[in-house]
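Visitor: Input protein.txt, format and content: compact mmCIF, N, CA and C atoms.
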```
# COMPACT_ATOMS: atom_id res chain seq x y z
N GLY U 15 0.84 -1.21 0.00
CA GLY U 15 0.00 0.00 0.00
C GLY U 15 0.86 1.24 0.00
N GLY U 16 0.47 2.25 -0.75
CA GLY U 16 1.29 3.46 -0.82
C GLY U 16 1.00 4.44 0.30
N HIS U 17 0.27 3.99 1.31
CA HIS U 17 -0.08 4.93 2.38
C HIS U 17 1.10 5.24 3.28
N GLU U 18 1.17 6.50 3.65
CA GLU U 18 2.11 6.87 4.69
C GLU U 18 1.66 6.21 5.99
N LYS U 19 2.62 5.80 6.78
CA LYS U 19 2.27 5.35 8.12
C LYS U 19 1.87 6.60 8.90
N LEU U 20 0.85 6.45 9.72
CA LEU U 20 0.44 7.58 10.55
C LEU U 20 1.36 7.63 11.76
N THR U 21 2.23 8.62 11.81
CA THR U 21 3.12 8.72 12.96
C THR U 21 2.40 9.47 14.08
N TYR U 22 2.86 9.25 15.30
CA TYR U 22 2.29 9.97 16.44
C TYR U 22 2.53 11.46 16.27
N LEU U 23 3.70 11.78 15.73
CA LEU U 23 4.02 13.20 15.53
C LEU U 23 3.04 13.83 14.55
N ASN U 24 2.79 13.14 13.45
CA ASN U 24 1.85 13.66 12.46
C ASN U 24 0.47 13.82 13.08
N ALA U 25 0.06 12.83 13.88
CA ALA U 25 -1.26 12.87 14.51
C ALA U 25 -1.36 14.05 15.48
N VAL U 26 -0.33 14.22 16.31
CA VAL U 26 -0.41 15.28 17.32
C VAL U 26 -0.39 16.66 16.64
N MET U 27 0.35 16.77 15.53
CA MET U 27 0.38 18.05 14.82
C MET U 27 -0.99 18.37 14.20
N GLN U 28 -1.63 17.35 13.65
CA GLN U 28 -2.98 17.56 13.10
C GLN U 28 -3.95 17.98 14.21
N TYR U 29 -3.83 17.30 15.33
CA TYR U 29 -4.73 17.55 16.45
C TYR U 29 -4.58 18.99 16.93
N ILE U 30 -3.33 19.42 17.06
CA ILE U 30 -3.05 20.76 17.57
C ILE U 30 -3.52 21.84 16.59
N SER U 31 -3.34 21.59 15.29
CA SER U 31 -3.78 22.62 14.34
C SER U 31 -5.32 22.64 14.26
N LYS U 32 -5.92 21.46 14.38
CA LYS U 32 -7.38 21.39 14.34
C LYS U 32 -8.01 22.20 15.48
N PHE U 33 -7.41 22.10 16.66
CA PHE U 33 -7.96 22.81 17.82
C PHE U 33 -7.32 24.17 18.02
N LYS U 34 -6.48 24.56 17.03
CA LYS U 34 -5.83 25.88 17.08
C LYS U 34 -5.14 26.11 18.43
N LEU U 35 -4.37 25.09 18.84
CA LEU U 35 -3.69 25.17 20.13
C LEU U 35 -2.33 25.86 20.00
N GLY U 36 -1.97 26.21 18.77
CA GLY U 36 -0.67 26.87 18.61
C GLY U 36 0.31 25.92 17.93
N SER U 37 1.57 26.08 18.26
CA SER U 37 2.59 25.27 17.60
C SER U 37 3.10 24.22 18.59
N ILE U 38 3.73 23.19 18.04
CA ILE U 38 4.34 22.21 18.94
C ILE U 38 5.83 22.17 18.64
N ALA U 39 6.60 22.10 19.69
CA ALA U 39 8.05 21.96 19.54
C ALA U 39 8.49 20.89 20.52
N PHE U 40 9.71 20.41 20.34
CA PHE U 40 10.23 19.38 21.23
C PHE U 40 11.50 19.88 21.88
N LYS U 41 11.47 19.89 23.18
CA LYS U 41 12.60 20.40 23.95
C LYS U 41 13.44 19.22 24.40
N GLN U 42 14.74 19.31 24.20
CA GLN U 42 15.60 18.22 24.66
C GLN U 42 15.79 18.30 26.16
N VAL U 43 15.35 17.26 26.85
CA VAL U 43 15.56 17.17 28.29
C VAL U 43 16.91 16.50 28.51
N GLN U 44 17.19 15.50 27.67
CA GLN U 44 18.47 14.81 27.75
C GLN U 44 18.86 14.36 26.36
N ILE U 45 20.12 14.55 26.03
CA ILE U 45 20.63 14.12 24.73
C ILE U 45 21.15 12.70 24.87
N GLY U 46 20.80 11.85 23.90
CA GLY U 46 21.22 10.46 23.95
C GLY U 46 22.74 10.34 24.06
N GLY U 47 23.19 9.37 24.87
CA GLY U 47 24.63 9.14 25.00
C GLY U 47 25.29 10.02 26.03
N SER U 48 24.50 10.84 26.71
CA SER U 48 25.08 11.72 27.72
C SER U 48 24.12 11.73 28.91
N PRO U 49 24.52 11.63 30.15
CA PRO U 49 25.90 11.55 30.64
C PRO U 49 26.59 10.20 30.45
N THR U 50 25.86 9.10 30.25
CA THR U 50 26.55 7.83 30.00
C THR U 50 26.21 7.36 28.60
N PRO U 51 27.02 6.48 28.04
CA PRO U 51 26.74 6.01 26.67
C PRO U 51 25.38 5.34 26.55
N GLN U 52 24.85 4.82 27.67
CA GLN U 52 23.55 4.15 27.62
C GLN U 52 22.39 5.13 27.78
N SER U 53 22.70 6.39 28.07
CA SER U 53 21.61 7.34 28.33
C SER U 53 20.72 7.49 27.10
N PRO U 54 19.41 7.39 27.31
CA PRO U 54 18.49 7.55 26.18
C PRO U 54 18.27 9.03 25.87
N TRP U 55 17.65 9.27 24.74
CA TRP U 55 17.16 10.61 24.43
C TRP U 55 15.89 10.83 25.23
N ILE U 56 15.73 12.03 25.76
CA ILE U 56 14.46 12.39 26.41
C ILE U 56 14.04 13.73 25.84
N LEU U 57 12.85 13.75 25.26
CA LEU U 57 12.33 15.00 24.72
C LEU U 57 10.94 15.25 25.27
N ARG U 58 10.63 16.52 25.40
CA ARG U 58 9.32 16.89 25.90
C ARG U 58 8.62 17.76 24.86
N ALA U 59 7.36 17.43 24.62
CA ALA U 59 6.56 18.24 23.71
C ALA U 59 6.15 19.53 24.44
N VAL U 60 6.33 20.64 23.77
CA VAL U 60 5.94 21.94 24.34
C VAL U 60 5.02 22.61 23.33
N ILE U 61 3.85 23.00 23.79
CA ILE U 61 2.88 23.62 22.89
C ILE U 61 2.88 25.12 23.11
N SER U 62 2.95 25.85 22.01
CA SER U 62 2.98 27.31 22.06
C SER U 62 4.06 27.84 22.99
N GLU U 63 5.17 27.12 23.03
CA GLU U 63 6.37 27.55 23.76
C GLU U 63 6.22 27.61 25.27
N THR U 64 5.01 27.35 25.80
CA THR U 64 4.87 27.45 27.25
C THR U 64 4.27 26.22 27.89
N ASP U 65 3.38 25.52 27.19
CA ASP U 65 2.69 24.40 27.83
C ASP U 65 3.48 23.12 27.64
N GLU U 66 4.07 22.65 28.72
CA GLU U 66 4.84 21.41 28.62
C GLU U 66 3.87 20.24 28.67
N MET U 67 3.99 19.39 27.67
CA MET U 67 3.06 18.27 27.57
C MET U 67 3.83 16.96 27.75
N GLY U 68 3.56 16.01 26.87
CA GLY U 68 4.13 14.68 27.04
C GLY U 68 5.64 14.65 26.92
N GLN U 69 6.23 13.74 27.69
CA GLN U 69 7.67 13.52 27.60
C GLN U 69 7.90 12.14 27.06
N GLY U 70 8.91 12.00 26.22
CA GLY U 70 9.20 10.69 25.65
C GLY U 70 10.66 10.32 25.80
N VAL U 71 10.90 9.03 25.97
CA VAL U 71 12.25 8.49 26.09
C VAL U 71 12.47 7.55 24.92
N GLY U 72 13.62 7.62 24.28
CA GLY U 72 13.88 6.72 23.16
C GLY U 72 15.36 6.54 22.91
N ASN U 73 15.68 5.53 22.11
CA ASN U 73 17.08 5.29 21.76
C ASN U 73 17.58 6.28 20.73
N THR U 74 16.65 6.89 20.01
CA THR U 74 17.02 7.93 19.05
C THR U 74 16.14 9.14 19.33
N ARG U 75 16.56 10.26 18.78
CA ARG U 75 15.80 11.48 18.96
C ARG U 75 14.39 11.31 18.39
N ASP U 76 14.30 10.68 17.21
CA ASP U 76 12.99 10.50 16.57
C ASP U 76 12.08 9.61 17.41
N GLU U 77 12.68 8.59 18.01
CA GLU U 77 11.90 7.68 18.84
C GLU U 77 11.35 8.43 20.06
N ALA U 78 12.18 9.27 20.65
CA ALA U 78 11.75 10.05 21.82
C ALA U 78 10.64 11.03 21.43
N ILE U 79 10.75 11.61 20.22
CA ILE U 79 9.72 12.54 19.74
C ILE U 79 8.40 11.79 19.54
N GLU U 80 8.48 10.60 18.96
CA GLU U 80 7.27 9.81 18.75
C GLU U 80 6.60 9.51 20.09
N LYS U 81 7.41 9.11 21.07
CA LYS U 81 6.85 8.75 22.38
C LYS U 81 6.25 9.99 23.04
N ALA U 82 6.94 11.11 22.95
CA ALA U 82 6.42 12.36 23.53
C ALA U 82 5.11 12.75 22.84
N SER U 83 5.04 12.53 21.53
CA SER U 83 3.82 12.85 20.78
C SER U 83 2.66 11.97 21.24
N LEU U 84 2.96 10.68 21.45
CA LEU U 84 1.92 9.75 21.87
C LEU U 84 1.40 10.12 23.26
N VAL U 85 2.32 10.42 24.18
CA VAL U 85 1.89 10.78 25.54
C VAL U 85 1.07 12.08 25.49
N THR U 86 1.47 13.00 24.63
CA THR U 86 0.73 14.25 24.49
C THR U 86 -0.69 13.99 23.99
N LEU U 87 -0.82 13.11 22.99
CA LEU U 87 -2.14 12.75 22.50
C LEU U 87 -2.97 12.13 23.62
N HIS U 88 -2.32 11.32 24.44
CA HIS U 88 -3.01 10.68 25.57
C HIS U 88 -3.50 11.74 26.56
N LEU U 89 -2.69 12.76 26.78
CA LEU U 89 -3.09 13.82 27.71
C LEU U 89 -4.31 14.58 27.17
N PHE U 90 -4.36 14.76 25.85
CA PHE U 90 -5.51 15.44 25.25
C PHE U 90 -6.75 14.55 25.27
N ASP U 91 -6.53 13.27 25.04
CA ASP U 91 -7.64 12.36 24.77
C ASP U 91 -7.27 10.96 25.22
N PRO U 92 -7.46 10.66 26.52
CA PRO U 92 -6.92 9.42 27.09
C PRO U 92 -7.36 8.14 26.40
N ASN U 93 -8.53 8.13 25.76
CA ASN U 93 -8.98 6.90 25.11
C ASN U 93 -8.93 6.98 23.59
N GLY U 94 -8.43 8.08 23.07
CA GLY U 94 -8.37 8.22 21.63
C GLY U 94 -9.74 8.33 20.99
N LYS U 95 -10.73 8.75 21.78
CA LYS U 95 -12.11 8.77 21.28
C LYS U 95 -12.33 9.81 20.18
N SER U 96 -11.67 10.95 20.29
CA SER U 96 -11.99 12.03 19.35
C SER U 96 -11.02 12.07 18.18
N LEU U 97 -10.12 11.09 18.10
CA LEU U 97 -9.11 11.15 17.05
C LEU U 97 -9.70 11.08 15.66
N ALA U 98 -10.61 10.13 15.47
CA ALA U 98 -11.12 9.91 14.11
C ALA U 98 -11.75 11.18 13.57
N ALA U 99 -12.34 11.97 14.47
CA ALA U 99 -13.00 13.20 14.04
C ALA U 99 -11.99 14.31 13.73
N ASN U 100 -10.78 14.18 14.25
CA ASN U 100 -9.85 15.30 14.15
C ASN U 100 -8.59 15.02 13.36
N ILE U 101 -8.37 13.77 13.04
CA ILE U 101 -7.15 13.42 12.33
C ILE U 101 -7.53 12.75 11.03
N VAL U 102 -6.97 13.27 9.96
CA VAL U 102 -7.31 12.76 8.64
C VAL U 102 -6.22 11.80 8.20
N HIS U 103 -6.62 10.59 7.86
CA HIS U 103 -5.64 9.64 7.33
C HIS U 103 -6.37 8.69 6.40
N PRO U 104 -5.76 8.37 5.26
CA PRO U 104 -6.46 7.54 4.27
C PRO U 104 -6.75 6.12 4.75
N ASP U 105 -6.03 5.65 5.74
CA ASP U 105 -6.20 4.27 6.17
C ASP U 105 -6.84 4.23 7.56
N PRO U 106 -8.13 3.92 7.64
CA PRO U 106 -8.82 3.96 8.94
C PRO U 106 -8.20 3.00 9.96
N SER U 107 -7.57 1.92 9.50
CA SER U 107 -6.99 0.99 10.46
C SER U 107 -5.84 1.64 11.23
N GLU U 108 -5.17 2.60 10.59
CA GLU U 108 -4.10 3.32 11.29
C GLU U 108 -4.68 4.15 12.44
N LEU U 109 -5.85 4.73 12.21
CA LEU U 109 -6.49 5.51 13.28
C LEU U 109 -6.92 4.62 14.43
N THR U 110 -7.43 3.43 14.08
CA THR U 110 -7.83 2.47 15.11
C THR U 110 -6.62 2.08 15.94
N LYS U 111 -5.51 1.81 15.25
CA LYS U 111 -4.28 1.42 15.93
C LYS U 111 -3.80 2.57 16.82
N LEU U 112 -3.88 3.78 16.31
CA LEU U 112 -3.45 4.96 17.08
C LEU U 112 -4.27 5.08 18.37
N ALA U 113 -5.59 4.93 18.24
CA ALA U 113 -6.45 5.03 19.42
C ALA U 113 -6.07 3.98 20.45
N ARG U 114 -5.73 2.77 19.96
CA ARG U 114 -5.34 1.69 20.87
C ARG U 114 -4.00 2.04 21.56
N ASP U 115 -3.08 2.57 20.78
CA ASP U 115 -1.78 2.95 21.36
C ASP U 115 -1.96 4.03 22.43
N ILE U 116 -2.85 4.97 22.14
CA ILE U 116 -3.09 6.05 23.10
C ILE U 116 -3.68 5.50 24.39
N GLU U 117 -4.60 4.56 24.25
CA GLU U 117 -5.20 3.95 25.44
C GLU U 117 -4.16 3.20 26.26
N ASN U 118 -3.14 2.68 25.58
CA ASN U 118 -2.13 1.87 26.26
C ASN U 118 -1.02 2.69 26.90
N VAL U 119 -1.06 4.00 26.77
CA VAL U 119 -0.07 4.82 27.46
C VAL U 119 -0.25 4.58 28.95
N THR U 120 0.86 4.32 29.63
CA THR U 120 0.74 3.96 31.05
C THR U 120 0.76 5.21 31.93
N ALA U 121 0.26 5.03 33.14
CA ALA U 121 0.29 6.11 34.12
C ALA U 121 1.73 6.55 34.35
N GLN U 122 2.64 5.59 34.26
CA GLN U 122 4.05 5.89 34.45
C GLN U 122 4.53 6.91 33.40
N ASP U 123 4.13 6.68 32.15
CA ASP U 123 4.51 7.61 31.08
C ASP U 123 3.97 9.01 31.37
N VAL U 124 2.73 9.04 31.82
CA VAL U 124 2.08 10.32 32.07
C VAL U 124 2.74 11.01 33.26
N ASN U 125 3.01 10.25 34.30
CA ASN U 125 3.63 10.85 35.48
C ASN U 125 5.02 11.38 35.19
N ALA U 126 5.75 10.67 34.34
CA ALA U 126 7.09 11.15 33.97
C ALA U 126 6.95 12.53 33.35
N SER U 127 5.86 12.73 32.63
CA SER U 127 5.65 14.01 31.98
C SER U 127 5.21 15.07 32.97
N LYS U 128 4.43 14.66 33.97
CA LYS U 128 3.84 15.65 34.85
C LYS U 128 4.81 16.26 35.84
N HIS U 129 5.60 15.39 36.49
CA HIS U 129 6.23 15.89 37.71
C HIS U 129 7.60 16.48 37.49
N GLN U 130 8.14 16.37 36.31
CA GLN U 130 9.49 16.89 36.17
C GLN U 130 9.48 18.35 35.82
N GLN U 131 10.07 19.12 36.65
CA GLN U 131 10.18 20.54 36.36
C GLN U 131 11.23 20.74 35.29
N ALA U 132 11.06 21.79 34.54
CA ALA U 132 12.04 22.10 33.50
C ALA U 132 13.41 22.22 34.14
N GLY U 133 14.40 21.71 33.48
CA GLY U 133 15.76 21.90 33.97
C GLY U 133 16.23 20.84 34.93
N VAL U 134 15.33 20.05 35.48
CA VAL U 134 15.78 18.95 36.32
C VAL U 134 15.87 17.74 35.43
N GLY U 135 17.03 17.09 35.40
CA GLY U 135 17.20 15.96 34.50
C GLY U 135 16.26 14.84 34.88
N ILE U 136 16.75 13.67 34.97
CA ILE U 136 15.93 12.53 35.35
C ILE U 136 15.61 12.67 36.84
N GLY U 137 14.43 12.25 37.22
CA GLY U 137 14.00 12.38 38.60
C GLY U 137 14.99 11.85 39.62
N MET U 138 15.74 10.80 39.25
CA MET U 138 16.63 10.18 40.22
C MET U 138 17.81 11.08 40.56
N ALA U 139 18.21 11.90 39.63
CA ALA U 139 19.47 12.61 39.78
C ALA U 139 19.31 13.92 40.52
N MET U 140 18.36 13.98 41.43
CA MET U 140 18.08 15.25 42.08
C MET U 140 19.16 15.67 43.04
N ALA U 141 19.36 14.87 44.10
CA ALA U 141 20.28 15.30 45.15
C ALA U 141 21.48 14.38 45.18
N PRO U 142 22.62 14.90 44.81
CA PRO U 142 23.82 14.05 44.94
C PRO U 142 24.06 13.75 46.41
N GLY U 143 24.66 12.61 46.70
CA GLY U 143 24.99 12.30 48.08
C GLY U 143 23.79 11.84 48.87
N GLY U 144 22.81 11.24 48.19
CA GLY U 144 21.73 10.61 48.94
C GLY U 144 20.71 11.58 49.48
N GLY U 145 20.68 12.79 48.98
CA GLY U 145 19.60 13.70 49.35
C GLY U 145 19.60 14.05 50.82
N VAL U 146 20.72 14.52 51.33
CA VAL U 146 20.80 14.85 52.75
C VAL U 146 19.93 16.07 53.04
N MET U 147 19.07 15.96 54.02
CA MET U 147 18.22 17.09 54.38
C MET U 147 19.03 18.08 55.20
N PRO U 148 18.74 19.36 55.05
CA PRO U 148 19.43 20.31 55.94
C PRO U 148 19.03 20.01 57.37
N ALA U 149 19.99 20.16 58.30
CA ALA U 149 19.70 19.86 59.69
C ALA U 149 18.63 20.81 60.19
N ASN U 150 17.69 20.29 60.90
CA ASN U 150 16.63 21.13 61.43
C ASN U 150 17.05 21.61 62.82
N PRO U 151 17.23 22.90 63.01
CA PRO U 151 17.71 23.40 64.29
C PRO U 151 16.75 23.09 65.43
N GLY U 152 15.49 22.79 65.13
CA GLY U 152 14.53 22.46 66.17
C GLY U 152 14.75 21.09 66.78
N ILE U 153 15.61 20.26 66.13
CA ILE U 153 15.80 18.91 66.66
C ILE U 153 17.21 18.80 67.22
N LEU U 154 17.40 19.35 68.41
CA LEU U 154 18.73 19.28 69.03
C LEU U 154 18.67 18.21 70.08
N PRO U 155 19.83 17.61 70.36
CA PRO U 155 19.82 16.62 71.45
C PRO U 155 19.39 17.29 72.74
N PRO U 156 18.80 16.56 73.66
CA PRO U 156 18.37 17.14 74.93
C PRO U 156 19.54 17.79 75.64
N GLY U 157 19.26 18.88 76.34
CA GLY U 157 20.30 19.54 77.10
C GLY U 157 21.03 20.57 76.30
N GLN U 158 20.71 20.73 75.02
CA GLN U 158 21.35 21.80 74.26
C GLN U 158 20.29 22.76 73.76
N GLY U 159 20.66 24.02 73.62
CA GLY U 159 19.74 24.97 73.05
C GLY U 159 18.63 25.37 74.01
N GLY U 160 18.75 25.02 75.29
CA GLY U 160 17.81 25.54 76.27
C GLY U 160 16.49 24.81 76.35
N GLY U 161 16.20 23.87 75.44
CA GLY U 161 14.94 23.14 75.54
C GLY U 161 13.77 24.05 75.20
N MET U 162 12.56 23.52 75.29
CA MET U 162 11.37 24.30 74.98
C MET U 162 10.93 25.03 76.23
N PRO U 163 10.38 26.21 76.09
CA PRO U 163 9.85 26.91 77.27
C PRO U 163 8.74 26.08 77.89
N GLY U 164 8.66 26.12 79.21
CA GLY U 164 7.57 25.43 79.88
C GLY U 164 7.78 23.96 80.10
N GLN U 165 9.04 23.48 79.92
CA GLN U 165 9.25 22.06 80.18
C GLN U 165 9.67 21.84 81.61
```
Have the structure of the file written as structure tokens, please.

Guide:
Amino acid sequence: GGHEKLTYLNAVMQYISKFKLGSIAFKQVQIGGSPTPQSPWILRAVISETDEMGQGVGNTRDEAIEKASLVTLHLFDPNGKSLAANIVHPDPSELTKLARDIENVTAQDVNASKHQQAGVGIGMAMAPGGGVMPANPGILPPGQGGGMPGQ
């Protein structure tokens, strides 16, 4: 068949233009091969330069973009219900497959997209040295610091 495969990127771009949501761009959260050779690419879809949407992880930049596009579609439409009405593709089976893929996006994928603030790499790499909390001056050993009034 001479049909183009319906990519997630193509679908999300159609969706965004249909709803006049602005433009979509992909921000590199992590470049593949850095900091370690095994590090995947991580890209996040950003709509109209401000709305951070789905994040995708992949072995290549394109793979990460596809994953980010899929998660973004899931955020717009968790069951893929409105896709057929908004995305034009000559092969209806591709739309069915897309809806199924969108439904299969896991909560883990969505959470990865939600909780990471811009500029923080992978969630694990937050605090070097085991995340030592600053000492709380209110918790001194007994006999130091005068204790609490009224004891």

Visitor: Mind pulling up the distance from atom CA of U:Ile38 to atom CA of U:Gln122?

Guide: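 Separation between atom CA of U:Gln122 and atom CA of U:Ile38: 22.5 Å.
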
Visitor: If we count only C-alpha atoms and set the cut-off at 10 Å, which residues sit around U:Ile61, ignoring sequence neighbours fewer than 3 positions away in its own chain? Please answer as a list of chain:residue names.

Guide: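 Contacts, with the query itself left out: U:Ile30, U:Leu35, U:Gly36, U:Ser37, U:Ile38, U:Ala39, U:Phe40, U:Arg58, U:Thr64, U:Asp65, U:Glu66, U:Met67, U:Gly68, U:Thr86.
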
Visitor: So that I can see what lies close to U:Gly94, please list as number ranges by chain the residues with an atom at most 7 Å from it, counting all atoms listed in the file and leaving out residues fewer than 3 positions away in the same chain.

Guide: U: 87-88, 91, 97-98, 112-114, 116-117

Visitor: Rank U:Pro92, U:Gly46, U:Gly70, U:Pro106 by their smallest atom-to-atom distance to U:Val119, using all atoms listed in the file, and report the top residue only.

Guide: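 Once distances to U:Val119 are computed over all atoms listed in the file, the minimum belongs to U:Pro92.
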
Visitor: Under the rule that all atoms listed in the file are counted, which of U:Gln52, U:Asn100, U:Gln42, U:Asn93 is the nearest residue to U:Asn118?

Guide: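 Checking each candidate against U:Asn118, we get U:Asn93 as the closest.
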
Visitor: Using only N, CA and C atoms for the distances, tell me which of U:Val43, U:Leu57, U:Leu89, U:Leu84 is nearest to U:Val26.

Guide: U:Leu84

Visitor: Could you give me, as an MDAnalysis selection string, the residues within 6.5 Å of U:Gln69, counting all atoms listed in the file and dropping anything in the same chain fewer than 6 positions from it?

Guide: chainID U and resid 56:59 78 81:83 85:86 123 126:127

Visitor: Rounded to one decimal, what separation in Å do you get between atom CA of U:Thr74 and atom CA of U:Pro54?

Guide: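 Going from atom CA of U:Thr74 over to atom CA of U:Pro54, I get 7.3 Å.
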
Visitor: Given all atoms listed in the file as the basis, pick out the residue of U:Lys32, U:Lys19, U:Arg75, U:His103 nearest to U:Ile45.

Guide: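 The closest residue to U:Ile45 is U:Arg75.
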
Visitor: Suppose you want the space between atom CA of U:Gln28 and atom CA of U:Ala99; what is it in Å?

Guide: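 Atom-to-atom, atom CA of U:Gln28 to atom CA of U:Ala99, that is 11.0 Å.
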
Visitor: Would you mind writing down, as number ranges by chain, each residue of stretch 18-149 of chain U that DSSP on the backbone assigns to alpha helix (DSSP H)?

Guide: U: 22-32, 75-90, 97-100, 106-117, 121-129

Visitor: Can you list, as a PyMOL selection string, every residue of stretch 27-64 of chain U that DSSP puts in strand (DSSP E or B)?

Guide: chain U and resi 38-44+55-61

Visitor: Is it possible to add N, CA, C and O atoms to stretch 65-78 of chain U and hand it back as a PDB file, in the coordinates of the input?

Guide:
```pdb
ATOM      1  N   ASP U  65       3.380  25.520  27.190  1.00  0.00           N
ATOM      2  CA  ASP U  65       2.690  24.400  27.830  1.00  0.00           C
ATOM      3  C   ASP U  65       3.480  23.120  27.640  1.00  0.00           C
ATOM      4  O   ASP U  65       3.534  22.577  26.544  1.00  0.00           O
ATOM      5  N   GLU U  66       4.070  22.650  28.720  1.00  0.00           N
ATOM      6  CA  GLU U  66       4.840  21.410  28.620  1.00  0.00           C
ATOM      7  C   GLU U  66       3.870  20.240  28.670  1.00  0.00           C
ATOM      8  O   GLU U  66       3.057  20.129  29.568  1.00  0.00           O
ATOM      9  N   MET U  67       3.990  19.390  27.670  1.00  0.00           N
ATOM     10  CA  MET U  67       3.060  18.270  27.570  1.00  0.00           C
ATOM     11  C   MET U  67       3.830  16.960  27.750  1.00  0.00           C
ATOM     12  O   MET U  67       4.638  16.836  28.646  1.00  0.00           O
ATOM     13  N   GLY U  68       3.560  16.010  26.870  1.00  0.00           N
ATOM     14  CA  GLY U  68       4.130  14.680  27.040  1.00  0.00           C
ATOM     15  C   GLY U  68       5.640  14.650  26.920  1.00  0.00           C
ATOM     16  O   GLY U  68       6.240  15.395  26.169  1.00  0.00           O
ATOM     17  N   GLN U  69       6.230  13.740  27.690  1.00  0.00           N
ATOM     18  CA  GLN U  69       7.670  13.520  27.600  1.00  0.00           C
ATOM     19  C   GLN U  69       7.900  12.140  27.060  1.00  0.00           C
ATOM     20  O   GLN U  69       7.162  11.208  27.377  1.00  0.00           O
ATOM     21  N   GLY U  70       8.910  12.000  26.220  1.00  0.00           N
ATOM     22  CA  GLY U  70       9.200  10.690  25.650  1.00  0.00           C
ATOM     23  C   GLY U  70      10.660  10.320  25.800  1.00  0.00           C
ATOM     24  O   GLY U  70      11.535  11.177  25.754  1.00  0.00           O
ATOM     25  N   VAL U  71      10.900   9.030  25.970  1.00  0.00           N
ATOM     26  CA  VAL U  71      12.250   8.490  26.090  1.00  0.00           C
ATOM     27  C   VAL U  71      12.470   7.550  24.920  1.00  0.00           C
ATOM     28  O   VAL U  71      11.583   6.763  24.592  1.00  0.00           O
ATOM     29  N   GLY U  72      13.620   7.620  24.280  1.00  0.00           N
ATOM     30  CA  GLY U  72      13.880   6.720  23.160  1.00  0.00           C
ATOM     31  C   GLY U  72      15.360   6.540  22.910  1.00  0.00           C
ATOM     32  O   GLY U  72      16.183   7.301  23.420  1.00  0.00           O
ATOM     33  N   ASN U  73      15.680   5.530  22.110  1.00  0.00           N
ATOM     34  CA  ASN U  73      17.080   5.290  21.760  1.00  0.00           C
ATOM     35  C   ASN U  73      17.580   6.280  20.730  1.00  0.00           C
ATOM     36  O   ASN U  73      18.779   6.464  20.562  1.00  0.00           O
ATOM     37  N   THR U  74      16.650   6.890  20.010  1.00  0.00           N
ATOM     38  CA  THR U  74      17.020   7.930  19.050  1.00  0.00           C
ATOM     39  C   THR U  74      16.140   9.140  19.330  1.00  0.00           C
ATOM     40  O   THR U  74      15.114   9.038  20.007  1.00  0.00           O
ATOM     41  N   ARG U  75      16.560  10.260  18.780  1.00  0.00           N
ATOM     42  CA  ARG U  75      15.800  11.480  18.960  1.00  0.00           C
ATOM     43  C   ARG U  75      14.390  11.310  18.390  1.00  0.00           C
ATOM     44  O   ARG U  75      13.397  11.689  19.012  1.00  0.00           O
ATOM     45  N   ASP U  76      14.300  10.680  17.210  1.00  0.00           N
ATOM     46  CA  ASP U  76      12.990  10.500  16.570  1.00  0.00           C
ATOM     47  C   ASP U  76      12.080   9.610  17.410  1.00  0.00           C
ATOM     48  O   ASP U  76      10.878   9.853  17.499  1.00  0.00           O
ATOM     49  N   GLU U  77      12.680   8.590  18.010  1.00  0.00           N
ATOM     50  CA  GLU U  77      11.900   7.680  18.840  1.00  0.00           C
ATOM     51  C   GLU U  77      11.350   8.430  20.060  1.00  0.00           C
ATOM     52  O   GLU U  77      10.203   8.237  20.456  1.00  0.00           O
ATOM     53  N   ALA U  78      12.180   9.270  20.650  1.00  0.00           N
ATOM     54  CA  ALA U  78      11.750  10.050  21.820  1.00  0.00           C
ATOM     55  C   ALA U  78      10.640  11.030  21.430  1.00  0.00           C
ATOM     56  O   ALA U  78       9.685  11.242  22.179  1.00  0.00           O
TER      57      ALA U  78
END
```
